[in-house]
Amino acid sequence: MPTKADKRKKKSLKERLRERQVKYQKALEAHRIRLEKEIKRRSKRWTRGKVLLALSAVILVLLGIYIALYYTPPSTQPQQETSQSQPQQQPLSANVIYIWPDGRVEPESAPIVNMSANYYIFTDDVQLPIIVLKDNIVIDGASHVLKGSREAGSKGLDLTGRKNVTIMNLKIQGFDYGIYLNMASGNTLLQNELTDNYCGIWIIVSSGNNITSNKIIKNEFYAISFRNSTGNVISKNEIRAHNNYTLYFGYSAGNIIHSNNITDNRLGVFLYASSNNTMFYNVITKNYEGFHLFNSKQNLIKMNKLLNNTLGLVLSASSLDNIIYGNNFIKNAVHAEAENATNIWDNGYSEGGNYWDDYKDKYPDAQELDGSGIWNVPYIINENNQDRYPKVNPISIPYP
């Protein structure tokens, strides 16, 4: 009579991976819930020292306003940018650098120089968080480092409520949130390096932002997190070495993810209850999971290279009506898994489906259809999901 050990030996690699994945997904969801509670708790946490410091700062500011009212003549300069939205920030602090709506940098000793009305440049490394209160500016890090001490709730660059701000050439390390965007739109993050933060870039209720040509490496929990955000573009970034989420989209729609190199992460691109996002020209390699769509619908995944991942693409928890075609699935332990719901794995005969490098092993008797570059037997993922027009040869894709 076969023992339990014998039964375990007979399980295929796919079965073992599936069991492992189910356990992992349960743990992941439980961890996500705990994480949400922790984030809320951390963001509200104030030490007694911080409260005293904040109160002292408020008293100093009120004193300054009193002195200004009695000893400063009225300004003859026109008021500018009074319509900018002012976020509900923490009280003024001596441990924060401010860029004010009128263009001032405070404290004046901060190594950030206002070179012109709308251009700021770092002249040295900075070890204080920065709150930006001015729209339509460029902040050039000039390859300097913005370094924090991983204080709970800390934000390297806080762009809450900002519009049309460009952050470029800056190295950001050691914050809870390297760059923080809340209700922010039209901002550009260009050629920055974000490492050793809890979250490299945190984006919530924000739209129309452009994240391009950055290096986002080895942050603790997220490379980039999107929550309730739409119409953002994430392109040409190098994103690697994250042990949890890498690109995370929660309740987000209409974002474009293209031409990124996403390598050596736990979860490459993870969509949670998100729809109508487009992913193309990405290289997804050596991750545990390349793409994972959880309860996500009507997304487009086309012309990506999924190489050497444990699980190339996973569709779970009623993810349906997603369109997946023109991708190369090469040397993944399992190319694709889909739970029950139906998805679309080709774009019709004219454009075909995907390239699967194990096709001939699965269908040794299949033949090419009249020199079309398409096999005559569909590639079956499960009973509800099949690539009707699998490609004979790898698809030419303009990878980054």
# chains A, B, ... in the order shown; residues from 1 in each chain; ligands from 1
call {"tool": "residues_around", "arguments": {"residues": "range 124-141 of chain A", "least_positions_apart": "4", "cutoff": "9 Å", "atoms": "only C-alpha atoms", "output": "PyMOL selection string"}}
result
chain A and resi 81+84-87+89+95-103+110-112+117-120+145-149+154-171+175+187+192
call {"tool": "select_by_dssp", "arguments": {"residues": "range 135-339 of chain A", "states": "strand (DSSP E or B)", "output": "ChimeraX atom specification"}}
result
/A:138-140,145-147,155-158,163,166-168,171-173,177-182,185,188-190,193-195,199-204,207,210-212,215-217,222-227,230,233-235,238-240,245-250,253,256-258,261-263,267-272,275,278-280,283-285,289-294,297,300-302,305-307,311-316,323-325,328-330,334-338
call {"tool": "atom_distance", "arguments": {"atom1": "CA of Ser372 in chain A", "atom2": "CA of Ile330 in chain A"}}
result
21.0 Å
call {"tool": "closest_atom_pairs", "arguments": {"of": "range 139-234 of chain A", "to": "range 278-291 of chain A", "cutoff": "12 Å", "atoms": "only C-alpha atoms", "output": "tab-separated table"}}
result
residue	atom	partner	partner_atom	distance
A:Thr230	CA	A:Thr278	CA	11.6
A:Gly231	CA	A:Thr278	CA	10.3
A:Asn232	CA	A:Thr278	CA	10.7
A:Val233	CA	A:Thr278	CA	9.7
A:Ile234	CA	A:Met279	CA	9.5
call {"tool": "write_last_selection", "arguments": {"atoms": "N, CA and C atoms", "output": "tab-separated table (two decimals), in the first residue's frame"}}
result
chain	number	residue	atom	x	y	z
A	230	THR	N	-5.17	56.82	-11.02
A	230	THR	CA	-5.50	56.58	-12.43
A	230	THR	C	-4.58	57.37	-13.35
A	231	GLY	N	-4.41	56.83	-14.56
A	231	GLY	CA	-3.77	57.57	-15.62
A	231	GLY	C	-2.31	57.89	-15.41
A	232	ASN	N	-1.62	57.09	-14.61
A	232	ASN	CA	-0.18	57.30	-14.41
A	232	ASN	C	0.61	56.44	-15.40
A	233	VAL	N	1.83	56.88	-15.73
A	233	VAL	CA	2.69	56.14	-16.65
A	233	VAL	C	3.96	55.74	-15.91
A	234	ILE	N	4.28	54.46	-15.97
A	234	ILE	CA	5.48	53.91	-15.33
A	234	ILE	C	6.31	53.28	-16.44
call {"tool": "atom_distance", "arguments": {"atom1": "CA of Glu238 in chain A", "atom2": "CA of Tyr399 in chain A"}}
result
12.5 Å
